[in-house]
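Source file: structure.csv (CSV, C-alpha atoms)
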chain,number,residue,atom,x,y,z
A,39,MET,CA,-17.9,-11.9,-64.2
A,40,LYS,CA,-14.3,-12.3,-65.2
A,41,ALA,CA,-12.3,-9.1,-65.9
A,42,TYR,CA,-8.7,-8.2,-66.6
A,43,VAL,CA,-7.8,-5.5,-64.1
A,44,TYR,CA,-4.8,-3.2,-64.5
A,45,GLN,CA,-3.1,-2.4,-61.1
A,46,PRO,CA,-1.4,0.8,-59.9
A,47,ASP,CA,2.0,-0.9,-60.1
A,48,GLY,CA,1.6,-1.8,-63.8
A,49,SER,CA,0.7,-5.4,-63.3
A,50,ALA,CA,-2.6,-6.9,-64.3
A,51,ARG,CA,-4.6,-10.0,-63.6
A,52,VAL,CA,-8.0,-11.7,-64.3
A,53,GLU,CA,-10.3,-11.1,-61.4
A,54,GLU,CA,-13.9,-11.8,-60.4
A,55,ARG,CA,-16.0,-8.6,-60.5
A,56,PRO,CA,-19.7,-7.8,-60.2
A,57,VAL,CA,-21.6,-7.5,-63.5
A,58,PRO,CA,-22.2,-3.8,-64.1
A,59,LYS,CA,-25.8,-2.4,-64.1
A,60,ALA,CA,-27.2,0.3,-66.3
A,61,THR,CA,-28.4,3.6,-64.8
A,62,SER,CA,-31.3,5.5,-66.3
A,63,ASP,CA,-29.1,7.0,-69.0
A,64,SER,CA,-26.4,4.3,-69.5
A,65,ALA,CA,-26.1,0.8,-70.8
A,66,VAL,CA,-24.3,-2.5,-70.4
A,67,ILE,CA,-23.1,-4.7,-73.2
A,68,ALA,CA,-22.0,-8.4,-73.2
A,69,VAL,CA,-18.6,-8.1,-74.8
A,70,GLN,CA,-18.7,-10.3,-77.9
A,71,THR,CA,-15.2,-9.4,-79.3
A,72,THR,CA,-12.5,-7.1,-78.1
A,73,ALA,CA,-8.9,-6.6,-79.3
A,74,ILE,CA,-5.5,-5.8,-77.8
A,75,CYS,CA,-4.2,-2.4,-78.9
A,76,GLY,CA,-0.6,-1.2,-79.0
A,77,THR,CA,-1.5,1.2,-76.1
A,78,ASP,CA,-2.5,-1.9,-74.0
A,79,LEU,CA,0.8,-3.5,-74.9
A,80,ARG,CA,2.8,-0.4,-73.8
A,81,ALA,CA,0.8,-0.2,-70.6
A,82,ARG,CA,1.9,-3.8,-69.9
A,83,ARG,CA,5.5,-3.0,-70.6
A,84,HIS,CA,5.6,0.3,-68.7
A,85,VAL,CA,3.6,1.6,-65.8
A,86,SER,CA,0.9,3.9,-67.4
A,87,LYS,CA,0.1,7.0,-65.5
A,88,SER,CA,-2.8,7.7,-67.8
A,89,ILE,CA,-4.8,4.7,-66.5
A,90,ALA,CA,-6.8,5.4,-63.4
A,91,ALA,CA,-6.0,2.1,-61.8
A,92,PRO,CA,-7.3,-0.3,-60.6
A,93,ARG,CA,-9.1,-0.3,-64.0
A,94,VAL,CA,-10.5,-2.9,-66.4
A,95,ILE,CA,-8.5,-2.0,-69.6
A,96,GLY,CA,-9.3,-2.6,-73.2
A,97,HIS,CA,-11.1,-0.2,-75.6
A,98,GLU,CA,-11.5,-1.9,-79.0
A,99,VAL,CA,-14.9,-3.5,-78.6
A,100,VAL,CA,-18.1,-4.8,-80.2
A,101,GLY,CA,-20.9,-6.1,-77.9
A,102,GLU,CA,-24.6,-6.7,-77.5
A,103,ILE,CA,-26.7,-4.4,-75.3
A,104,VAL,CA,-28.1,-6.5,-72.4
A,105,ASP,CA,-29.2,-3.8,-70.0
A,106,LEU,CA,-30.5,-0.4,-71.1
A,107,GLY,CA,-31.4,2.7,-69.1
A,108,SER,CA,-35.1,3.6,-69.1
A,109,GLY,CA,-34.3,7.1,-70.4
A,110,LEU,CA,-32.7,5.9,-73.6
A,111,ARG,CA,-34.7,5.7,-76.8
A,112,ASP,CA,-32.1,5.4,-79.6
A,113,PHE,CA,-31.1,1.9,-78.7
A,114,ALA,CA,-32.7,-1.4,-77.7
A,115,VAL,CA,-31.7,-4.5,-75.8
A,116,GLY,CA,-30.2,-6.9,-78.3
A,117,ASP,CA,-28.5,-4.2,-80.5
A,118,ARG,CA,-24.9,-4.9,-81.5
A,119,VAL,CA,-22.8,-1.8,-81.0
A,120,GLN,CA,-19.3,-0.5,-81.5
A,121,VAL,CA,-18.0,2.1,-79.1
A,122,ALA,CA,-15.6,4.9,-79.9
A,123,PRO,CA,-13.6,5.1,-76.6
A,124,ALA,CA,-12.5,8.7,-76.5
A,125,ILE,CA,-15.4,10.6,-75.0
A,126,GLY,CA,-15.4,14.4,-75.3
A,127,CYS,CA,-17.3,16.8,-72.9
A,128,GLY,CA,-19.0,18.6,-75.8
A,129,ARG,CA,-18.3,22.0,-74.3
A,130,CYS,CA,-14.6,22.9,-74.6
A,131,ARG,CA,-13.0,24.6,-77.6
A,132,PRO,CA,-11.7,21.3,-79.3
A,133,CYS,CA,-15.2,19.7,-78.9
A,134,SER,CA,-16.9,22.8,-80.3
A,135,MET,CA,-14.7,22.5,-83.4
A,136,GLY,CA,-15.6,18.8,-83.8
A,137,HIS,CA,-12.4,17.4,-82.4
A,138,THR,CA,-13.8,15.5,-79.5
A,139,ASN,CA,-10.8,13.2,-79.4
A,140,LEU,CA,-8.8,16.2,-78.3
A,141,CYS,CA,-11.2,17.3,-75.6
A,142,ASP,CA,-9.8,19.3,-72.7
A,143,ASN,CA,-11.7,17.1,-70.3
A,144,LEU,CA,-11.2,13.8,-72.3
A,145,GLN,CA,-12.4,10.6,-70.6
A,146,THR,CA,-11.6,7.3,-72.3
A,147,ILE,CA,-12.9,3.8,-71.9
A,148,GLY,CA,-10.2,1.6,-70.5
A,149,PHE,CA,-8.5,4.6,-68.8
A,150,GLN,CA,-11.1,6.6,-66.8
A,151,PHE,CA,-13.9,4.2,-67.4
A,152,ASP,CA,-13.8,0.4,-67.1
A,153,GLY,CA,-13.0,-1.2,-70.4
A,154,SER,CA,-13.7,-4.2,-72.6
A,155,PHE,CA,-11.4,-6.9,-71.3
A,156,ALA,CA,-14.3,-8.3,-69.4
A,157,GLU,CA,-17.4,-10.4,-70.0
A,158,TYR,CA,-19.6,-7.3,-69.6
A,159,MET,CA,-18.8,-3.6,-70.0
A,160,HIS,CA,-20.7,-0.5,-68.8
A,161,ILE,CA,-21.2,2.2,-71.4
A,162,PRO,CA,-21.3,5.5,-69.5
A,163,ALA,CA,-24.0,8.0,-70.1
A,164,ALA,CA,-21.4,10.5,-71.6
A,165,ALA,CA,-20.6,8.0,-74.4
A,166,LEU,CA,-24.2,7.7,-75.4
A,167,GLN,CA,-24.9,11.4,-75.1
A,168,SER,CA,-21.8,12.2,-77.3
A,169,GLY,CA,-22.7,9.8,-80.1
A,170,ASN,CA,-19.8,7.5,-79.3
A,171,VAL,CA,-22.0,4.4,-79.6
A,172,THR,CA,-22.8,3.1,-83.1
A,173,ARG,CA,-25.2,0.3,-84.1
A,174,VAL,CA,-23.4,-2.4,-86.1
A,175,ASP,CA,-24.8,-3.8,-89.3
A,176,GLN,CA,-25.9,-7.4,-88.9
A,177,GLU,CA,-23.9,-8.4,-91.9
A,178,LEU,CA,-20.6,-7.1,-90.5
A,179,PRO,CA,-19.1,-9.9,-88.3
A,180,ASP,CA,-17.8,-9.1,-84.8
A,181,ASP,CA,-14.2,-9.9,-85.7
A,182,LEU,CA,-14.3,-7.3,-88.5
A,183,ALA,CA,-16.3,-4.6,-86.7
A,184,VAL,CA,-13.9,-4.7,-83.7
A,185,LEU,CA,-11.1,-3.3,-86.1
A,186,ALA,CA,-13.1,-0.1,-86.6
A,187,GLU,CA,-11.5,1.8,-83.6
A,188,PRO,CA,-7.8,1.4,-84.7
A,189,ILE,CA,-8.7,2.0,-88.3
A,190,GLY,CA,-10.6,5.2,-87.2
A,191,CYS,CA,-7.3,6.4,-85.7
A,192,ILE,CA,-5.5,5.7,-88.9
A,193,LEU,CA,-8.1,7.6,-90.9
A,194,ASN,CA,-7.7,10.5,-88.4
A,195,SER,CA,-4.0,10.6,-89.1
A,196,HIS,CA,-4.5,10.5,-92.9
A,197,ARG,CA,-6.6,13.6,-93.0
A,198,PHE,CA,-3.4,15.6,-92.6
A,199,LEU,CA,-1.3,13.7,-95.2
A,200,ASN,CA,-2.9,14.3,-98.6
A,201,LEU,CA,-2.3,10.8,-99.7
A,202,GLU,CA,-4.0,11.4,-103.0
A,203,ASP,CA,-1.2,13.7,-103.9
A,204,ALA,CA,1.6,11.4,-102.7
A,205,ALA,CA,3.7,9.2,-105.0
A,206,SER,CA,5.6,7.5,-102.2
A,207,LEU,CA,5.1,6.7,-98.6
A,208,ALA,CA,7.2,5.0,-95.9
A,209,VAL,CA,5.7,3.3,-92.8
A,210,PHE,CA,7.9,2.5,-89.8
A,211,GLY,CA,6.6,-0.6,-88.1
A,212,SER,CA,4.9,-3.7,-89.6
A,213,GLY,CA,2.3,-4.6,-87.0
A,214,PHE,CA,-1.5,-4.3,-87.7
A,215,ILE,CA,-1.3,-0.5,-87.6
A,216,GLY,CA,1.7,-0.3,-89.9
A,217,CYS,CA,0.3,-2.8,-92.4
A,218,MET,CA,-3.1,-1.1,-92.4
A,219,HIS,CA,-1.6,2.3,-93.0
A,220,ALA,CA,0.2,0.8,-96.0
A,221,GLU,CA,-2.9,-0.9,-97.4
A,222,ILE,CA,-5.1,2.1,-97.1
A,223,ALA,CA,-2.4,4.3,-98.8
A,224,LEU,CA,-2.1,1.8,-101.7
A,225,LYS,CA,-5.9,1.9,-102.1
A,226,ARG,CA,-5.8,5.7,-102.2
A,227,GLY,CA,-3.4,5.6,-105.1
A,228,VAL,CA,0.1,5.9,-103.6
A,229,LYS,CA,2.3,4.1,-106.1
A,230,THR,CA,5.3,3.2,-104.0
A,231,VAL,CA,4.9,2.1,-100.3
A,232,PHE,CA,7.9,1.2,-98.2
A,233,ILE,CA,7.5,-0.7,-94.9
A,234,LEU,CA,10.5,-0.4,-92.6
A,235,GLU,CA,10.8,-3.1,-89.9
A,236,ILE,CA,13.8,-4.1,-87.7
A,237,ASP,CA,12.7,-7.6,-87.0
A,238,ALA,CA,13.3,-10.2,-89.8
A,239,ALA,CA,10.3,-12.4,-89.0
A,240,ARG,CA,8.0,-9.4,-89.0
A,241,ARG,CA,9.5,-8.3,-92.4
A,242,SER,CA,8.7,-11.7,-93.8
A,243,SER,CA,5.1,-11.5,-92.4
A,244,ALA,CA,4.7,-8.0,-93.8
A,245,ALA,CA,5.8,-9.2,-97.2
A,246,GLU,CA,3.0,-11.8,-97.2
A,247,THR,CA,0.4,-9.4,-95.8
A,248,ILE,CA,1.1,-6.4,-98.2
A,249,PRO,CA,2.9,-8.0,-101.2
A,250,GLU,CA,2.8,-4.7,-103.1
A,251,ALA,CA,5.0,-3.0,-100.5
A,252,VAL,CA,8.8,-2.7,-100.6
A,253,ILE,CA,9.9,-4.2,-97.3
A,254,MET,CA,13.2,-3.0,-95.8
A,255,ASP,CA,15.3,-3.1,-92.7
A,256,PRO,CA,15.8,0.5,-91.4
A,257,ASN,CA,19.0,-0.6,-89.7
A,258,ASP,CA,20.6,-1.7,-93.0
A,259,PRO,CA,22.9,1.1,-94.2
A,260,ALA,CA,21.7,0.4,-97.8
A,261,THR,CA,18.1,1.2,-97.0
A,262,GLN,CA,18.4,5.0,-97.2
A,263,GLU,CA,20.4,4.6,-100.4
A,264,SER,CA,17.8,2.4,-101.9
A,265,ILE,CA,15.0,4.8,-101.0
A,266,THR,CA,16.9,7.7,-102.5
A,267,SER,CA,17.4,5.7,-105.7
A,268,ILE,CA,13.8,4.6,-106.0
A,269,THR,CA,12.4,8.1,-105.3
A,270,ASN,CA,14.9,9.7,-107.8
A,271,ALA,CA,16.7,11.4,-104.9
A,272,ALA,CA,13.6,13.2,-103.8
A,273,GLY,CA,12.8,11.2,-100.7
A,274,VAL,CA,9.3,10.0,-99.7
A,275,ASP,CA,6.3,12.3,-99.9
A,276,VAL,CA,4.9,10.9,-96.7
A,277,ALA,CA,6.5,9.1,-93.7
A,278,ILE,CA,4.4,7.5,-91.0
A,279,VAL,CA,6.0,6.4,-87.7
A,280,ALA,CA,3.7,3.6,-86.6
A,281,CYS,CA,5.9,2.3,-83.9
A,282,SER,CA,7.0,3.6,-80.4
A,283,ALA,CA,10.6,4.3,-81.3
A,284,GLY,CA,12.3,7.8,-81.2
A,285,PRO,CA,15.1,6.8,-83.7
A,286,ALA,CA,12.4,5.9,-86.2
A,287,GLN,CA,11.1,9.5,-85.9
A,288,THR,CA,14.6,10.7,-86.8
A,289,GLN,CA,14.9,8.4,-89.8
A,290,ALA,CA,11.5,9.4,-91.0
A,291,MET,CA,12.5,13.1,-91.0
A,292,ASN,CA,15.7,12.4,-92.9
A,293,MET,CA,14.0,10.5,-95.7
A,294,THR,CA,11.1,12.8,-96.2
A,295,ALA,CA,11.1,14.9,-99.4
A,296,LYS,CA,10.9,18.7,-99.6
A,297,MET,CA,7.3,19.7,-98.8
A,298,GLY,CA,6.7,16.2,-97.5
A,299,ARG,CA,4.5,15.2,-94.5
A,300,VAL,CA,5.5,13.2,-91.4
A,301,SER,CA,2.9,11.6,-89.1
A,302,LEU,CA,4.1,10.7,-85.6
A,303,PHE,CA,1.4,8.0,-85.1
A,304,GLY,CA,3.1,6.0,-82.4
A,305,GLY,CA,3.5,7.7,-79.0
A,306,LEU,CA,6.7,7.2,-77.1
A,307,PRO,CA,6.4,5.6,-73.6
A,308,ALA,CA,9.3,7.5,-71.9
A,309,GLN,CA,11.7,10.1,-73.3
A,310,SER,CA,10.0,11.9,-76.2
A,311,THR,CA,12.4,14.8,-77.0
A,312,GLY,CA,15.5,15.1,-79.1
A,313,TYR,CA,14.4,13.1,-82.2
A,314,ILE,CA,13.1,15.9,-84.4
A,315,ASP,CA,15.4,18.2,-86.4
A,316,SER,CA,13.8,21.6,-86.6
A,317,ASN,CA,16.2,22.7,-89.4
A,318,LEU,CA,14.9,19.9,-91.6
A,319,ILE,CA,11.4,21.1,-91.0
A,320,HIS,CA,12.5,24.7,-91.7
A,321,TYR,CA,14.6,24.3,-94.8
A,322,ARG,CA,12.7,21.4,-96.5
A,323,GLU,CA,9.3,22.9,-95.5
A,324,ILE,CA,8.3,19.5,-94.0
A,325,SER,CA,5.0,19.3,-92.1
A,326,VAL,CA,5.0,17.2,-89.0
A,327,HIS,CA,1.7,16.0,-87.6
A,328,GLY,CA,0.6,14.3,-84.4
A,329,VAL,CA,-2.5,12.2,-84.0
A,330,HIS,CA,-4.5,11.1,-81.0
A,331,ALA,CA,-7.4,8.7,-81.0
A,332,ALA,CA,-10.4,9.3,-83.3
A,333,THR,CA,-13.8,10.9,-83.3
A,334,PRO,CA,-17.1,9.0,-83.4
A,335,GLU,CA,-17.5,10.1,-87.0
A,336,GLN,CA,-14.1,8.5,-87.9
A,337,ASN,CA,-15.1,5.3,-86.2
A,338,ARG,CA,-18.3,5.2,-88.3
A,339,GLU,CA,-16.2,5.9,-91.4
A,340,ALA,CA,-14.0,3.0,-90.5
A,341,LEU,CA,-17.1,0.7,-90.0
A,342,SER,CA,-18.3,1.8,-93.5
A,343,LEU,CA,-14.9,1.0,-95.0
A,344,LEU,CA,-14.9,-2.4,-93.4
A,345,GLN,CA,-18.4,-3.0,-94.7
A,346,THR,CA,-17.2,-2.7,-98.3
A,347,GLY,CA,-14.9,-5.7,-97.8
A,348,THR,CA,-12.1,-4.1,-99.8
A,349,LEU,CA,-9.6,-4.3,-97.0
A,350,ARG,CA,-7.6,-7.5,-96.6
A,351,THR,CA,-8.2,-8.3,-92.9
A,352,GLN,CA,-8.1,-12.1,-92.6
A,353,ARG,CA,-4.5,-12.2,-91.1
A,354,TYR,CA,-5.6,-9.9,-88.3
A,355,ARG,CA,-8.6,-12.1,-87.4
A,356,GLU,CA,-6.8,-15.4,-87.0
A,357,SER,CA,-5.5,-15.2,-83.4
A,358,VAL,CA,-8.4,-15.4,-81.1
A,359,PHE,CA,-8.2,-16.1,-77.3
A,360,PRO,CA,-10.6,-16.4,-74.4
A,361,LEU,CA,-10.1,-13.9,-71.6
A,362,ALA,CA,-8.7,-16.6,-69.4
A,363,ARG,CA,-5.7,-16.9,-71.8
A,364,ILE,CA,-5.1,-13.1,-72.1
A,365,GLU,CA,-1.5,-13.4,-70.9
A,366,GLU,CA,-0.8,-15.8,-73.8
A,367,ALA,CA,-2.5,-13.3,-76.1
A,368,PHE,CA,-0.2,-10.6,-75.0
A,369,GLU,CA,2.8,-12.9,-75.5
A,370,ALA,CA,1.7,-13.7,-79.0
A,371,LEU,CA,1.9,-10.0,-79.8
A,372,GLU,CA,5.2,-9.6,-78.0
A,373,ASP,CA,7.0,-12.4,-79.8
A,374,GLY,CA,5.5,-11.6,-83.2
A,375,THR,CA,3.5,-14.8,-83.7
A,376,ALA,CA,0.4,-12.7,-84.1
A,377,LEU,CA,-0.2,-9.4,-86.0
A,378,LYS,CA,-3.4,-8.7,-84.1
A,379,VAL,CA,-5.1,-10.5,-81.2
A,380,LEU,CA,-8.8,-10.7,-80.6
A,381,LEU,CA,-10.4,-11.8,-77.3
A,382,ARG,CA,-13.8,-13.4,-76.8
A,383,PRO,CA,-14.5,-13.0,-73.1
A,384,GLY,CA,-17.7,-15.1,-73.2
A,385,GLN,CA,-15.8,-18.2,-74.3
What's the structure tokens form of this structure?
Amino acid sequence: MKAYVYQPDGSARVEERPVPKATSDSAVIAVQTTAICGTDLRARRHVSKSIAAPRVIGHEVVGEIVDLGSGLRDFAVGDRVQVAPAIGCGRCRPCSMGHTNLCDNLQTIGFQFDGSFAEYMHIPAAALQSGNVTRVDQELPDDLAVLAEPIGCILNSHRFLNLEDAASLAVFGSGFIGCMHAEIALKRGVKTVFILEIDAARRSSAAETIPEAVIMDPNDPATQESITSITNAAGVDVAIVACSAGPAQTQAMNMTAKMGRVSLFGGLPAQSTGYIDSNLIHYREISVHGVHAATPEQNREALSLLQTGTLRTQRYRESVFPLARIEEAFEALEDGTALKVLLRPGQ
């Protein structure tokens, strides 16, 4: 089979690999649709020490079970499934509290296990035992179901932010993640949503994607003044940094209202200190929250949300590539011609 393999030096290439085989308590899926995540993009830009290379990367996936261990009874060959990639051990303190995404012994598909940028993917026994595999409703198409994993991460971040009590929200970054943060916030009743984006073409795209949002350039000196005016000098109730940029974290802190909430959604690939002002936290009583991955339950919540058809997703499903053209797919994300890229390895 063809697979996109990440190398120890940070390079990656399509290689021929044997088709994986199920053990008595594992499974193999034919990958129907997978998607490139911002984490994959950062790994391509910077050598990732988190990936146990050489490794097939990719972790946003929907596939059909084609090989199933004899000891498994909850699934059958032919089932379409979605896989939550962050696999907890089930024994450590975070797992015992239900936060398997924060497991002390976390193993992740595409990092410690081979991932979805391949024609076939092995689902390890640990994923099946931990409830990370969910059968997908036949009415939910692959190109929608594959969005469940990143949306699950968004839902995880929102549980800290009390969006129902927020009148205003600012999102830094206008990619798929930033736009989806904005859309879900609007659906939860946030009246004023700002999207801050440094790239003019991306600002234009965001304006088409989320027309209700106020789109602004964070580098424009007038932006802070405008937000101050629109929020009656209070600042925003919630700020979400959905990009990998330290200065955006600083700006988010500065524009957050007293008793506001800040979500550091986008991890930083290198230097990650020196952007947060602890006195702002102290004197304004600002809450700052991190977020990492999502639990299987949050993945299932995202699948249910997608099932309702209330999220506008068409723009995120338009750029589809076969695995052989994965480098073009990455470039489409890099140059901003695509908000989200889907891969169909079987094509």
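Residues having any atom no farther than 12 Å from (-37.7, 3.6, -69.0) (counting all atoms listed in the file) are Ala60, Thr61, Ser62, Asp63, Ser64, Asp105, Leu106, Gly107, Ser108, Gly109, Leu110, Arg111, Phe113 and Ala114 of chain A.
Closest to Ala163 (chain A) among A:Met254, A:Val228, A:Ile125, A:Ala283 is A:Ile125, based on all atoms listed in the file.
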For CA of Ser212 (chain A) and CA of Asn337 (chain A), the interatomic separation in Å (one decimal):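 A separation of 22.2 Å between them.
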Rounded to one decimal in Å, what is the spacing between CA of Ile248 (chain A) and CA of Val274 (chain A)? 18.4 Å
Shell of 12 Å around Ala245 (chain A), only C-alpha atoms, local chain residues under 4 positions omitted, as a list in words: Ser212, Gly213, Cys217, Ala220, Val231, Phe232, Ile233, Leu234, Glu235, Ala238, Ala239, Arg240, Arg241, Pro249, Glu250, Ala251, Val252, Ile253 and Met254 of chain A
Contact check, region 95-134 of chain A to region 341-361 of chain A, at most 12 Å, counting only C-alpha atoms, closest pairs as JSON lines:
{"residue": "A:Gly96", "atom": "CA", "partner": "A:Leu361", "partner_atom": "CA", "distance": 11.4}
{"residue": "A:Val100", "atom": "CA", "partner": "A:Leu341", "partner_atom": "CA", "distance": 11.3}
{"residue": "A:Val119", "atom": "CA", "partner": "A:Leu341", "partner_atom": "CA", "distance": 10.9}
{"residue": "A:Gln120", "atom": "CA", "partner": "A:Leu341", "partner_atom": "CA", "distance": 8.9}
{"residue": "A:Val121", "atom": "CA", "partner": "A:Leu341", "partner_atom": "CA", "distance": 11.0}
{"residue": "A:Ala122", "atom": "CA", "partner": "A:Leu341", "partner_atom": "CA", "distance": 11.0}
Separating CA of Gly374 (chain A) from CA of Pro46 (chain A), to the nearest tenth of an Å, is a gap of 27.3 Å
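Neighbouring residues of Phe155 (chain A) at 10 Å or closer, counting all atoms listed in the file and skipping chain neighbours under 6 positions away, are Lys40, Ala41, Tyr42, Val43, Val52, Val69, Thr71, Thr72, Ala73, Ile74, Val94, Ile95, Gly96, His97, Glu98, Val99, Gly148, Leu361, Ile364, Leu381, Arg382 and Pro383 of chain A.
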Who sits within 12 Å of Gly76 (chain A), all atoms listed in the file, same chain under 2 positions skipped, as a PyMOL selection string: chain A and resi 73-74+78-83+96-98+188+211+213-216+280-282+303-307+368+371-372+377-379
Neighbouring residues of Glu263 (chain A) were defined as those with any atom within 12 Å, considering all atoms listed in the file; residues of the same chain fewer than 6 positions away were excluded. Please report them as a ChimeraX atom specification. /A:254,256-257,269-273,292-293
Closest contacts (region 320-374 of chain A/region 284-290 of chain A, max 12 Å, only C-alpha atoms) as a tab-separated table:
residue	atom	partner	partner_atom	distance
A:Ile324	CA	A:Ala290	CA	11.0
A:Ser325	CA	A:Ala290	CA	11.9
A:Val326	CA	A:Gln287	CA	10.3
A:His327	CA	A:Gln287	CA	11.6
A:Gly328	CA	A:Gln287	CA	11.6
Can you pull out every residue within 12 Å of Gly128 (chain A), counting all atoms listed in the file, but drop anything in the same chain fewer than 2 positions away, and send it as a short mmCIF file (atom, residue, chain, number, x, y, z; two decimals) with C-alpha atoms, keeping the file's coordinate frame?
data_model
loop_
_atom_site.label_atom_id
_atom_site.label_comp_id
_atom_site.auth_asym_id
_atom_site.auth_seq_id
_atom_site.Cartn_x
_atom_site.Cartn_y
_atom_site.Cartn_z
CA ALA A 124 -12.50 8.70 -76.50
CA ILE A 125 -15.40 10.60 -75.00
CA GLY A 126 -15.40 14.40 -75.30
CA CYS A 130 -14.60 22.90 -74.60
CA ARG A 131 -13.00 24.60 -77.60
CA PRO A 132 -11.70 21.30 -79.30
CA CYS A 133 -15.20 19.70 -78.90
CA SER A 134 -16.90 22.80 -80.30
CA MET A 135 -14.70 22.50 -83.40
CA GLY A 136 -15.60 18.80 -83.80
CA HIS A 137 -12.40 17.40 -82.40
CA THR A 138 -13.80 15.50 -79.50
CA ASN A 139 -10.80 13.20 -79.40
CA LEU A 140 -8.80 16.20 -78.30
CA CYS A 141 -11.20 17.30 -75.60
CA ASP A 142 -9.80 19.30 -72.70
CA ASN A 143 -11.70 17.10 -70.30
CA LEU A 144 -11.20 13.80 -72.30
CA GLN A 145 -12.40 10.60 -70.60
CA ALA A 164 -21.40 10.50 -71.60
CA ALA A 165 -20.60 8.00 -74.40
CA GLN A 167 -24.90 11.40 -75.10
CA SER A 168 -21.80 12.20 -77.30
CA GLY A 169 -22.70 9.80 -80.10
CA ASN A 170 -19.80 7.50 -79.30
CA THR A 333 -13.80 10.90 -83.30
#
